[in-house]
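Structure data follow from data_13.pdb (PDB, C-alpha atoms):
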```pdb
ATOM      1  CA  MET A 293      18.437 -51.349  14.441
ATOM      2  CA  LYS A 294      21.961 -51.625  15.766
ATOM      3  CA  PRO A 295      23.045 -48.100  14.769
ATOM      4  CA  LEU A 296      19.899 -46.685  16.374
ATOM      5  CA  LEU A 297      20.637 -48.469  19.617
ATOM      6  CA  LEU A 298      24.210 -47.222  19.557
ATOM      7  CA  LEU A 299      23.019 -43.660  18.966
ATOM      8  CA  PHE A 300      20.651 -43.966  21.893
ATOM      9  CA  LEU A 301      23.420 -45.206  24.159
ATOM     10  CA  LEU A 302      25.624 -42.339  23.030
ATOM     11  CA  MET A 303      22.943 -39.840  23.973
ATOM     12  CA  ILE A 304      22.671 -41.278  27.459
ATOM     13  CA  SER A 305      26.404 -41.093  27.972
ATOM     14  CA  ILE A 306      26.420 -37.397  27.002
ATOM     15  CA  SER A 307      23.589 -36.334  29.257
ATOM     16  CA  SER A 308      24.865 -38.091  32.334
ATOM     17  CA  HIS A 309      28.374 -36.733  32.048
ATOM     18  CA  ALA A 310      29.296 -34.005  34.555
ATOM     19  CA  VAL A 311      32.461 -31.959  34.539
ATOM     20  CA  ASP A 312      33.186 -32.582  38.172
ATOM     21  CA  SER A 313      31.480 -34.297  41.022
ATOM     22  CA  ARG A 314      31.758 -32.662  44.381
ATOM     23  CA  GLN A 315      29.899 -34.459  47.110
ATOM     24  CA  LEU A 316      28.255 -32.732  50.039
ATOM     25  CA  SER A 317      27.498 -34.864  53.081
ATOM     26  CA  ASP A 318      23.959 -33.510  53.430
ATOM     27  CA  PRO A 319      21.781 -34.837  50.552
ATOM     28  CA  LYS A 320      19.659 -31.703  50.673
ATOM     29  CA  GLN A 321      22.743 -29.539  50.180
ATOM     30  CA  GLN A 322      23.872 -31.844  47.401
ATOM     31  CA  GLU A 323      20.547 -31.233  45.672
ATOM     32  CA  SER A 324      20.991 -27.473  46.099
ATOM     33  CA  TYR A 325      24.477 -27.733  44.632
ATOM     34  CA  GLU A 326      23.165 -29.517  41.580
ATOM     35  CA  THR A 327      20.245 -27.130  40.978
ATOM     36  CA  LEU A 328      22.367 -24.031  41.550
ATOM     37  CA  THR A 329      25.168 -25.059  39.210
ATOM     38  CA  LYS A 330      22.542 -25.780  36.556
ATOM     39  CA  GLU A 331      20.904 -22.366  36.995
ATOM     40  CA  LEU A 332      24.058 -20.276  36.879
ATOM     41  CA  ARG A 333      25.509 -19.257  33.569
ATOM     42  CA  CYS A 334      29.171 -19.565  32.790
ATOM     43  CA  LEU A 335      30.135 -16.027  31.792
ATOM     44  CA  VAL A 336      33.041 -16.996  29.585
ATOM     45  CA  CYS A 337      31.167 -19.528  27.450
ATOM     46  CA  GLN A 338      27.834 -17.836  27.524
ATOM     47  CA  ASN A 339      25.587 -20.680  26.478
ATOM     48  CA  GLN A 340      26.676 -23.166  29.093
ATOM     49  CA  THR A 341      25.811 -23.526  32.735
ATOM     50  CA  ILE A 342      28.619 -23.662  35.255
ATOM     51  CA  ALA A 343      27.737 -27.339  35.766
ATOM     52  CA  ASP A 344      28.479 -28.070  32.091
ATOM     53  CA  SER A 345      31.436 -25.840  31.501
ATOM     54  CA  ASN A 346      35.079 -26.701  31.694
ATOM     55  CA  ALA A 347      36.194 -23.056  31.801
ATOM     56  CA  GLU A 348      38.363 -21.992  34.720
ATOM     57  CA  LEU A 349      35.870 -19.413  35.864
ATOM     58  CA  ALA A 350      33.085 -22.013  35.900
ATOM     59  CA  GLY A 351      35.295 -24.187  38.093
ATOM     60  CA  ASP A 352      35.906 -21.284  40.481
ATOM     61  CA  LEU A 353      32.193 -20.516  40.649
ATOM     62  CA  ARG A 354      31.374 -24.159  41.370
ATOM     63  CA  ARG A 355      33.913 -24.069  44.179
ATOM     64  CA  GLN A 356      32.287 -20.884  45.484
ATOM     65  CA  VAL A 357      28.808 -22.486  45.461
ATOM     66  CA  TYR A 358      30.184 -25.594  47.167
ATOM     67  CA  GLU A 359      31.913 -23.627  49.896
ATOM     68  CA  MET A 360      28.914 -21.414  50.558
ATOM     69  CA  LEU A 361      26.666 -24.473  50.904
ATOM     70  CA  GLN A 362      29.152 -26.000  53.329
ATOM     71  CA  GLN A 363      28.955 -22.805  55.346
ATOM     72  CA  GLY A 364      25.198 -23.375  55.541
ATOM     73  CA  LYS A 365      24.187 -20.565  53.165
ATOM     74  CA  SER A 366      20.747 -20.829  51.547
ATOM     75  CA  GLU A 367      20.105 -21.012  47.789
ATOM     76  CA  GLN A 368      18.745 -17.457  47.847
ATOM     77  CA  GLU A 369      21.869 -16.179  49.554
ATOM     78  CA  ILE A 370      24.091 -17.826  46.958
ATOM     79  CA  ILE A 371      22.036 -16.480  44.045
ATOM     80  CA  ARG A 372      22.175 -13.046  45.641
ATOM     81  CA  PHE A 373      25.965 -13.353  45.975
ATOM     82  CA  MET A 374      26.261 -14.151  42.259
ATOM     83  CA  THR A 375      23.884 -11.456  40.971
ATOM     84  CA  ASP A 376      25.580  -8.851  43.196
ATOM     85  CA  ARG A 377      28.796  -9.576  41.325
ATOM     86  CA  TYR A 378      27.786 -10.615  37.827
ATOM     87  CA  GLY A 379      24.318  -9.086  37.432
ATOM     88  CA  ASP A 380      21.148 -10.872  36.345
ATOM     89  CA  PHE A 381      23.035 -12.174  33.330
ATOM     90  CA  VAL A 382      24.500 -14.934  35.483
ATOM     91  CA  LEU A 383      21.000 -16.398  35.901
ATOM     92  CA  TYR A 384      19.589 -18.598  33.175
ATOM     93  CA  LYS A 385      16.139 -17.602  34.352
ATOM     94  CA  PRO A 386      16.046 -13.801  34.544
ATOM     95  CA  PRO A 387      13.679 -12.278  37.138
ATOM     96  CA  PHE A 388      10.438 -10.723  35.937
ATOM     97  CA  GLU A 389      10.804  -6.953  36.237
ATOM     98  CA  GLY A 390      10.361  -3.767  34.203
ATOM     99  CA  LYS A 391      13.277  -4.141  31.816
ATOM    100  CA  THR A 392      12.879  -7.894  31.366
ATOM    101  CA  SER A 393       9.102  -7.825  30.867
ATOM    102  CA  LEU A 394       9.500  -7.768  27.078
ATOM    103  CA  LEU A 395      11.619 -10.905  27.314
ATOM    104  CA  TRP A 396       8.896 -12.742  29.170
ATOM    105  CA  ILE A 397       5.863 -11.364  27.329
ATOM    106  CA  ALA A 398       7.196 -11.401  23.742
ATOM    107  CA  PRO A 399       6.893 -15.193  23.218
ATOM    108  CA  VAL A 400       3.223 -15.131  24.272
ATOM    109  CA  VAL A 401       2.570 -12.158  21.965
ATOM    110  CA  PHE A 402       4.312 -13.891  19.054
ATOM    111  CA  LEU A 403       2.383 -17.107  19.674
ATOM    112  CA  PHE A 404      -0.872 -15.137  19.645
ATOM    113  CA  MET A 405       0.133 -13.360  16.427
ATOM    114  CA  GLY A 406       0.955 -16.706  14.824
ATOM    115  CA  LEU A 407      -2.388 -18.195  15.826
ATOM    116  CA  MET A 408      -4.201 -15.162  14.401
ATOM    117  CA  MET A 409      -2.329 -15.548  11.128
ATOM    118  CA  VAL A 410      -3.159 -19.256  10.897
ATOM    119  CA  PHE A 411      -6.801 -18.432  11.599
ATOM    120  CA  PHE A 412      -7.002 -15.810   8.843
ATOM    121  CA  VAL A 413      -5.116 -17.905   6.300
ATOM    122  CA  ILE A 414      -7.378 -20.893   6.886
ATOM    123  CA  ARG A 415     -10.484 -18.738   6.620
ATOM    124  CA  ARG A 416      -9.341 -17.244   3.357
ATOM    125  CA  LYS A 417      -8.353 -20.645   1.947
ATOM    126  CA  ARG A 418     -11.812 -21.943   2.761
ATOM    127  CA  ALA A 419     -13.510 -19.044   1.003
ATOM    128  CA  THR A 420     -11.448 -19.546  -2.180
ATOM    129  CA  ALA A 421     -12.020 -23.305  -2.053
ATOM    130  CA  GLN A 422     -15.763 -22.660  -1.967
ATOM    131  CA  VAL A 423     -15.498 -20.420  -5.009
ATOM    132  CA  GLN A 424     -13.576 -23.136  -6.868
ATOM    133  CA  VAL A 425     -16.233 -25.726  -6.045
ATOM    134  CA  ASP A 426     -18.874 -23.322  -7.364
ATOM    135  CA  VAL A 427     -16.926 -22.844 -10.557
ATOM    136  CA  LEU A 428     -16.554 -26.600 -11.014
ATOM    137  CA  GLU A 429     -20.252 -27.106 -10.568
ATOM    138  CA  ILE A 430     -21.041 -24.497 -13.161
ATOM    139  CA  LYS A 431     -18.569 -26.164 -15.532
ATOM    140  CA  SER A 432     -20.036 -29.607 -15.121
ATOM    141  CA  GLU A 433     -23.522 -28.253 -15.644
ATOM    142  CA  LYS A 434     -22.398 -26.669 -18.890
ATOM    143  CA  GLN A 435     -20.730 -29.914 -19.948
ATOM    144  CA  LYS A 436     -23.965 -31.785 -19.345
ATOM    145  CA  LYS A 437     -25.787 -29.324 -21.506
ATOM    146  CA  VAL A 438     -23.201 -29.644 -24.274
ATOM    147  CA  ARG A 439     -23.339 -33.421 -24.132
ATOM    148  CA  SER A 440     -27.094 -33.514 -24.258
ATOM    149  CA  LEU A 441     -27.035 -31.099 -27.195
ATOM    150  CA  LEU A 442     -24.521 -33.295 -28.977
ATOM    151  CA  GLU A 443     -26.540 -36.384 -28.296
ATOM    152  CA  GLN A 444     -29.585 -34.665 -29.679
ATOM    153  CA  GLY A 445     -27.567 -33.737 -32.789
ATOM    154  CA  ASP A 446     -26.586 -37.390 -33.244
ATOM    155  CA  LEU A 447     -30.159 -38.439 -33.185
ATOM    156  CA  SER A 448     -31.272 -36.021 -35.856
TER     157      SER A 448
ATOM    158  CA  MET B1151      -1.425  -2.993  -3.121
ATOM    159  CA  LEU B1152      -1.663  -4.170   0.496
ATOM    160  CA  LYS B1153      -0.341  -7.508  -0.683
ATOM    161  CA  TYR B1154       3.027  -5.858  -1.403
ATOM    162  CA  ILE B1155       3.098  -3.400   1.476
ATOM    163  CA  ILE B1156       2.708  -5.936   4.295
ATOM    164  CA  PRO B1157       5.684  -8.144   3.332
ATOM    165  CA  LEU B1158       7.747  -5.019   2.693
ATOM    166  CA  LEU B1159       6.877  -3.686   6.139
ATOM    167  CA  LEU B1160       7.698  -7.019   7.748
ATOM    168  CA  PHE B1161      10.992  -7.074   5.913
ATOM    169  CA  ILE B1162      11.877  -3.562   7.075
ATOM    170  CA  ILE B1163      11.083  -4.414  10.695
ATOM    171  CA  LEU B1164      13.185  -7.567  10.478
ATOM    172  CA  ALA B1165      16.040  -5.676   8.831
ATOM    173  CA  VAL B1166      16.007  -3.011  11.560
ATOM    174  CA  PHE B1167      16.172  -5.614  14.332
ATOM    175  CA  LEU B1168      18.916  -7.592  12.598
ATOM    176  CA  GLY B1169      20.802  -4.338  12.024
ATOM    177  CA  LEU B1170      20.582  -3.492  15.724
ATOM    178  CA  GLY B1171      21.675  -7.029  16.532
ATOM    179  CA  LEU B1172      24.817  -6.610  14.466
ATOM    180  CA  ASN B1173      25.912  -3.736  16.668
ATOM    181  CA  LEU B1174      25.251  -5.442  19.975
ATOM    182  CA  LYS B1175      28.207  -6.669  21.976
ATOM    183  CA  PRO B1176      27.094  -9.819  23.747
ATOM    184  CA  ASN B1177      30.416  -9.959  25.581
ATOM    185  CA  ASP B1178      29.836  -6.630  27.297
ATOM    186  CA  ILE B1179      27.833  -7.621  30.317
ATOM    187  CA  PRO B1180      26.659  -4.575  32.285
ATOM    188  CA  SER B1181      28.473  -4.448  35.597
ATOM    189  CA  PRO B1182      26.290  -4.228  38.685
ATOM    190  CA  PHE B1183      29.145  -2.389  40.429
ATOM    191  CA  ILE B1184      28.789   1.039  38.858
ATOM    192  CA  ASN B1185      28.511   3.645  41.643
ATOM    193  CA  LYS B1186      28.959   0.975  44.306
ATOM    194  CA  PRO B1187      31.916   0.747  46.691
ATOM    195  CA  ALA B1188      34.874  -1.246  45.401
ATOM    196  CA  PRO B1189      34.661  -4.657  47.123
ATOM    197  CA  HIS B1190      37.083  -5.153  49.976
ATOM    198  CA  PHE B1191      40.191  -7.231  49.586
ATOM    199  CA  SER B1192      43.404  -7.655  51.449
ATOM    200  CA  ALA B1193      45.954  -9.218  49.186
ATOM    201  CA  PRO B1194      49.714  -9.730  49.137
ATOM    202  CA  LYS B1195      51.764  -7.543  46.829
ATOM    203  CA  LEU B1196      53.444  -9.305  43.943
ATOM    204  CA  ASN B1197      56.842  -7.768  44.618
ATOM    205  CA  ALA B1198      56.576  -7.890  48.406
ATOM    206  CA  PRO B1199      54.395 -10.851  49.429
ATOM    207  CA  ASP B1200      54.700  -9.934  53.125
ATOM    208  CA  GLU B1201      52.888  -6.652  52.564
ATOM    209  CA  GLN B1202      49.151  -6.410  52.005
ATOM    210  CA  LEU B1203      47.162  -3.870  50.057
ATOM    211  CA  THR B1204      43.510  -2.982  50.670
ATOM    212  CA  PRO B1205      41.256  -0.522  48.791
ATOM    213  CA  ALA B1206      41.183   1.601  51.952
ATOM    214  CA  ASP B1207      44.895   2.385  51.394
ATOM    215  CA  LEU B1208      43.941   4.179  48.181
ATOM    216  CA  LYS B1209      41.122   6.366  49.492
ATOM    217  CA  GLY B1210      41.324   9.993  48.493
ATOM    218  CA  GLN B1211      42.745   9.337  45.050
ATOM    219  CA  VAL B1212      41.406   8.234  41.696
ATOM    220  CA  TRP B1213      42.853   4.884  40.686
ATOM    221  CA  LEU B1214      42.512   2.244  38.020
ATOM    222  CA  PHE B1215      42.215  -1.422  38.866
ATOM    223  CA  ASN B1216      43.488  -3.501  35.971
ATOM    224  CA  VAL B1217      43.033  -7.273  35.938
ATOM    225  CA  TRP B1218      45.880  -9.012  34.129
ATOM    226  CA  ALA B1219      47.765 -12.276  33.848
ATOM    227  CA  SER B1220      50.874 -13.475  32.063
ATOM    228  CA  TRP B1221      48.835 -16.234  30.362
ATOM    229  CA  CYS B1222      46.391 -13.690  28.942
ATOM    230  CA  VAL B1223      46.976 -12.966  25.269
ATOM    231  CA  SER B1224      44.982  -9.729  25.036
ATOM    232  CA  CYS B1225      46.865  -8.413  28.062
ATOM    233  CA  ARG B1226      50.006  -8.489  25.958
ATOM    234  CA  ALA B1227      48.306  -6.262  23.390
ATOM    235  CA  GLU B1228      47.112  -3.914  26.108
ATOM    236  CA  HIS B1229      50.373  -3.723  28.011
ATOM    237  CA  PRO B1230      52.299  -1.103  25.977
ATOM    238  CA  ILE B1231      49.234   1.154  26.081
ATOM    239  CA  LEU B1232      49.099   0.904  29.867
ATOM    240  CA  ASN B1233      52.843   1.608  30.058
ATOM    241  CA  GLN B1234      52.412   4.745  28.001
ATOM    242  CA  PHE B1235      49.267   5.756  29.883
ATOM    243  CA  ALA B1236      50.934   5.437  33.290
ATOM    244  CA  LYS B1237      54.088   7.258  32.234
ATOM    245  CA  GLN B1238      52.505  10.101  30.324
ATOM    246  CA  TYR B1239      49.570  10.945  32.585
ATOM    247  CA  ALA B1240      50.810   9.813  35.997
ATOM    248  CA  VAL B1241      47.713   7.742  36.774
ATOM    249  CA  VAL B1242      47.714   5.260  39.625
ATOM    250  CA  ILE B1243      47.124   1.817  38.155
ATOM    251  CA  ILE B1244      46.791  -1.077  40.564
ATOM    252  CA  GLY B1245      47.234  -4.479  38.949
ATOM    253  CA  LEU B1246      45.293  -7.547  39.949
ATOM    254  CA  ASN B1247      47.481 -10.435  38.914
ATOM    255  CA  TYR B1248      44.678 -12.926  38.325
ATOM    256  CA  LYS B1249      45.218 -16.695  38.611
ATOM    257  CA  ASP B1250      48.856 -16.447  37.701
ATOM    258  CA  GLU B1251      52.173 -17.859  38.848
ATOM    259  CA  PRO B1252      54.095 -15.131  40.720
ATOM    260  CA  GLU B1253      57.338 -16.025  38.932
ATOM    261  CA  ASP B1254      55.718 -15.801  35.473
ATOM    262  CA  ALA B1255      54.126 -12.507  36.451
ATOM    263  CA  LYS B1256      57.423 -11.004  37.646
ATOM    264  CA  THR B1257      59.227 -12.070  34.482
ATOM    265  CA  TRP B1258      56.450 -10.533  32.398
ATOM    266  CA  LEU B1259      56.797  -7.171  34.176
ATOM    267  CA  LYS B1260      60.592  -7.253  33.874
ATOM    268  CA  THR B1261      60.542  -7.890  30.141
ATOM    269  CA  LEU B1262      57.541  -5.795  29.095
ATOM    270  CA  GLY B1263      57.753  -2.930  31.587
ATOM    271  CA  ASN B1264      55.716  -2.238  34.698
ATOM    272  CA  PRO B1265      52.873   0.282  34.456
ATOM    273  CA  TYR B1266      51.536  -0.613  37.892
ATOM    274  CA  TYR B1267      51.850   1.381  41.066
ATOM    275  CA  VAL B1268      51.436  -1.965  42.824
ATOM    276  CA  SER B1269      50.301  -5.380  41.642
ATOM    277  CA  ILE B1270      48.545  -7.705  44.036
ATOM    278  CA  MET B1271      48.189 -11.441  43.737
ATOM    279  CA  ASP B1272      44.936 -13.343  43.348
ATOM    280  CA  GLN B1273      46.154 -16.853  42.693
ATOM    281  CA  ASP B1274      42.882 -18.679  43.354
ATOM    282  CA  GLY B1275      40.671 -16.080  41.682
ATOM    283  CA  ARG B1276      38.621 -15.100  44.742
ATOM    284  CA  ILE B1277      39.162 -11.355  44.388
ATOM    285  CA  GLY B1278      38.254 -11.819  40.735
ATOM    286  CA  ILE B1279      34.900 -13.308  41.739
ATOM    287  CA  ASP B1280      34.277 -10.442  44.174
ATOM    288  CA  TYR B1281      34.796  -7.987  41.318
ATOM    289  CA  GLY B1282      32.684  -9.996  38.861
ATOM    290  CA  VAL B1283      35.670 -10.622  36.595
ATOM    291  CA  TYR B1284      34.818 -12.939  33.692
ATOM    292  CA  GLY B1285      37.248 -11.968  30.969
ATOM    293  CA  VAL B1286      40.785 -10.778  31.418
ATOM    294  CA  PRO B1287      41.817  -7.991  30.917
ATOM    295  CA  GLU B1288      39.286  -5.821  32.695
ATOM    296  CA  THR B1289      39.784  -2.324  34.013
ATOM    297  CA  PHE B1290      37.834  -0.538  36.734
ATOM    298  CA  VAL B1291      37.975   3.183  37.479
ATOM    299  CA  ILE B1292      37.580   3.967  41.180
ATOM    300  CA  ASP B1293      36.963   7.449  42.536
ATOM    301  CA  LYS B1294      38.276   9.254  45.613
ATOM    302  CA  LYS B1295      35.500   7.912  47.810
ATOM    303  CA  GLY B1296      36.254   4.354  46.758
ATOM    304  CA  LEU B1297      33.249   3.960  44.438
ATOM    305  CA  ILE B1298      33.563   2.075  41.154
ATOM    306  CA  ARG B1299      32.582   4.522  38.419
ATOM    307  CA  TYR B1300      33.396   2.636  35.250
ATOM    308  CA  LYS B1301      34.252  -0.839  34.070
ATOM    309  CA  HIS B1302      35.998  -1.677  30.835
ATOM    310  CA  THR B1303      35.977  -5.258  29.559
ATOM    311  CA  GLY B1304      38.690  -6.373  27.183
ATOM    312  CA  PRO B1305      41.957  -4.664  26.267
ATOM    313  CA  VAL B1306      42.174  -0.882  26.602
ATOM    314  CA  SER B1307      43.022   0.764  23.289
ATOM    315  CA  VAL B1308      44.675   4.124  22.600
ATOM    316  CA  ASP B1309      41.246   5.445  21.600
ATOM    317  CA  ASP B1310      39.748   4.267  24.887
ATOM    318  CA  VAL B1311      42.474   6.109  26.800
ATOM    319  CA  GLN B1312      41.840   9.350  24.923
ATOM    320  CA  ASN B1313      38.047   9.213  24.696
ATOM    321  CA  ILE B1314      36.973   7.402  27.839
ATOM    322  CA  PHE B1315      39.635   7.171  30.523
ATOM    323  CA  LEU B1316      41.268  10.597  30.378
ATOM    324  CA  PRO B1317      38.003  12.620  30.385
ATOM    325  CA  LEU B1318      36.580  10.421  33.151
ATOM    326  CA  ILE B1319      39.709  10.694  35.309
ATOM    327  CA  ALA B1320      39.755  14.483  34.851
ATOM    328  CA  LYS B1321      36.130  14.630  35.943
ATOM    329  CA  LEU B1322      36.696  12.407  38.976
ATOM    330  CA  GLU B1323      39.830  14.333  39.996
ATOM    331  CA  ALA B1324      37.711  17.492  40.088
ATOM    332  CA  GLU B1325      35.210  15.880  42.456
ATOM    333  CA  TYR B1326      35.862  16.127  46.114
TER     334      TYR B1326
END
```

Could you quickly redo this structure as structure tokens?
Amino acid sequence: MKPLLLLFLLMISISSHAVDSRQLSDPKQQESYETLTKELRCLVCQNQTIADSNAELAGDLRRQVYEMLQQGKSEQEIIRFMTDRYGDFVLYKPPFEGKTSLLWIAPVVFLFMGLMMVFFVIRRKRATAQVQVDVLEIKSEKQKKVRSLLEQGDLS
Amino acid sequence: MLKYIIPLLLFIILAVFLGLGLNLKPNDIPSPFINKPAPHFSAPKLNAPDEQLTPADLKGQVWLFNVWASWCVSCRAEHPILNQFAKQYAVVIIGLNYKDEPEDAKTWLKTLGNPYYVSIMDQDGRIGIDYGVYGVPETFVIDKKGLIRYKHTGPVSVDDVQNIFLPLIAKLEAEY
């Protein structure tokens, strides 16, 4: 029990840790700062957001977001600023458009394909199971016949 | 028969995709700047901090914009190639000394040679952000009208000079 509890506590400490904590006076702006830094990708360490990353560039981009919010820029304006410079790659959630449609549709297609496969496999399994039951029944019928024949033999 | 063909087909498809994946370069992020005007900056020169350089000063000529820093290891590998490139082909290379200490940068140029027409300072990395810099070294090719025509991420090799930069510069020089 104790190790489990410790593990749980460890997990909490990891998830609540932030690399830096800038505070904006307006709580709404603070919220924007937190969502934006969690949506923007750090380009040096490609699988981290700029909120998580310790890389210099991530720090500079956080500063940029912070300053733009202080200047009263909207979330859209800041996202636009970033994609103008780094492309859609900087977004963790790429926009739905022609060249990214495959990215968005593929998971649904794969899920559908998987479901179809499961369906067919189960159907086939059922059919073979039925055949096996039939075979068993035939066998047991034969066994009965053999037994009764034997029993008859005993009597005579 | 079908029992063998379907797994084989699946395997071939998988192999093709994995093969393509091997040749992808996840570090090469397409630049949104191609054929767009080089972002404006006005930055102090490394060797004359009182003087400023802006992209407008370079209009009418083809120039390279090379992002470098004395702390950058791959820049050291790239440096002799840039030296040779600048000397042999008389190309204008502007250096963006990115997030560096001016003294370190000057020492670096003194000891390793200076391929740059001018280097400008970007100590807090703001010009870097405006150019979408994410990995030093990076090299942009800018045409006579001030449009970015090509971006190279990572160190420039001798092959890159011969096969990419020289043909491109020749083409851009011919444009009006």

**Q.** Polymer residues at most 12 Å from (52.1, 8.6, 32.6) by all atoms listed in the file, as JSON, numbers by chain
**A.** {"B": [1230, 1231, 1232, 1233, 1234, 1235, 1236, 1237, 1238, 1239, 1240, 1241, 1242, 1243, 1264, 1265, 1266, 1267, 1311, 1316]}

Q: Give as a ChimeraX atom specification the residues that the ChimeraX specification (/B :<8) & /A matches when applied to the coordinates above.
A: /A:335-336,349,352-353,375-379,381

For the selection just defined, write its residues with C-alpha atoms to a file, as an mmCIF file, keeping the file's coordinate frame.
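Printed below is result-v9.cif as written:
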```cif
data_model
loop_
_atom_site.group_PDB
_atom_site.id
_atom_site.type_symbol
_atom_site.label_atom_id
_atom_site.label_comp_id
_atom_site.auth_asym_id
_atom_site.auth_seq_id
_atom_site.Cartn_x
_atom_site.Cartn_y
_atom_site.Cartn_z
ATOM 1 C CA LEU A 335 30.135 -16.027 31.792
ATOM 2 C CA VAL A 336 33.041 -16.996 29.585
ATOM 3 C CA LEU A 349 35.870 -19.413 35.864
ATOM 4 C CA ASP A 352 35.906 -21.284 40.481
ATOM 5 C CA LEU A 353 32.193 -20.516 40.649
ATOM 6 C CA THR A 375 23.884 -11.456 40.971
ATOM 7 C CA ASP A 376 25.580 -8.851 43.196
ATOM 8 C CA ARG A 377 28.796 -9.576 41.325
ATOM 9 C CA TYR A 378 27.786 -10.615 37.827
ATOM 10 C CA GLY A 379 24.318 -9.086 37.432
ATOM 11 C CA PHE A 381 23.035 -12.174 33.330
#
```

Q) In Å to one decimal, how far is CA of Leu428 in chain A from CA of Leu442 in chain A? A)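 One can read the CA of Leu442 in chain A to CA of Leu428 in chain A distance as 20.8 Å.
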
Q: Using CA of Ser1192 in chain B and CA of Arg333 in chain A as the two end points, give the distance in Å to one decimal.
A: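 Distance reported for this atom pair: 27.8 Å.
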
Q: Tell me, in Å to one decimal, how far CA of Leu1203 in chain B is from CA of Ile1184 in chain B.
A: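 That distance, rounded to one decimal, is 22.1 Å.
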
(Q) Distance cut-off 12 Å, centre (59.6, -7.3, 26.1) in file coordinates, counting only C-alpha atoms: which residues qualify? Return them as number ranges by chain. (A) B: 1226-1227, 1229-1230, 1233, 1257-1264

(Q) Starting from the PyMOL selection byres ((chain B and resi 1297) around 6), expand the selection into actual residues of this file and give them as a PyMOL selection string. (A) chain B and resi 1185-1188+1292-1293+1295-1296+1298

Q: May I have the residues within 10 Å of Ile370 in chain A as a PyMOL selection string, using only C-alpha atoms and disregarding those fewer than 3 positions away in the same chain?
A: chain A and resi 328+356-358+360-361+365-367+373-376

(Q) I'd like the residues picked by the PyMOL selection byres ((chain B and resi 1208-1224) around 6) written out as a ChimeraX atom specification, using the chain letters and numbers from the file. (A) /B:1205-1207,1225-1227,1242-1248,1250,1255,1287-1294,1296

Q: Rank B:Leu1158, B:Leu1164, B:Ala1193, B:Val1306 by their smallest atom-to-atom distance to Ser1269 in chain B, using all atoms listed in the file, and report the top residue only.
A: B:Ala1193

Q | Contacts of Asp1178 in chain B within 10 Å, all atoms listed in the file, excl. fewer than 6 positions in-chain, as an NGL selection string | A | :B and (1285 or 1301-1304)

Emit as JSON the padded axis-aligned box for all listed atoms of range 362-372 of chain A, 4 Å per side, with centre and edge lengths in Å to one decimal.
```
{"center_x": 23.9, "center_y": -19.5, "center_z": 49.8, "size_x": 18.4, "size_y": 21.0, "size_z": 19.5}
```

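The shortest atom-to-atom distance to Ile1319 in chain B, with all atoms listed in the file taken into account, belongs to B:Arg1299 out of B:Lys1195, B:Ser1307, B:Arg1299, B:Thr1204.
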
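Proximity to range 339-347 of chain A at 7 Å, evaluated using all atoms listed in the file and with sequence-adjacent residues fewer than 3 positions away removed, yields Ala310, Val311, Thr329, Lys330, Glu331, Leu332, Arg333, Cys334, Ala350, Gly351 and Arg354 of chain A.
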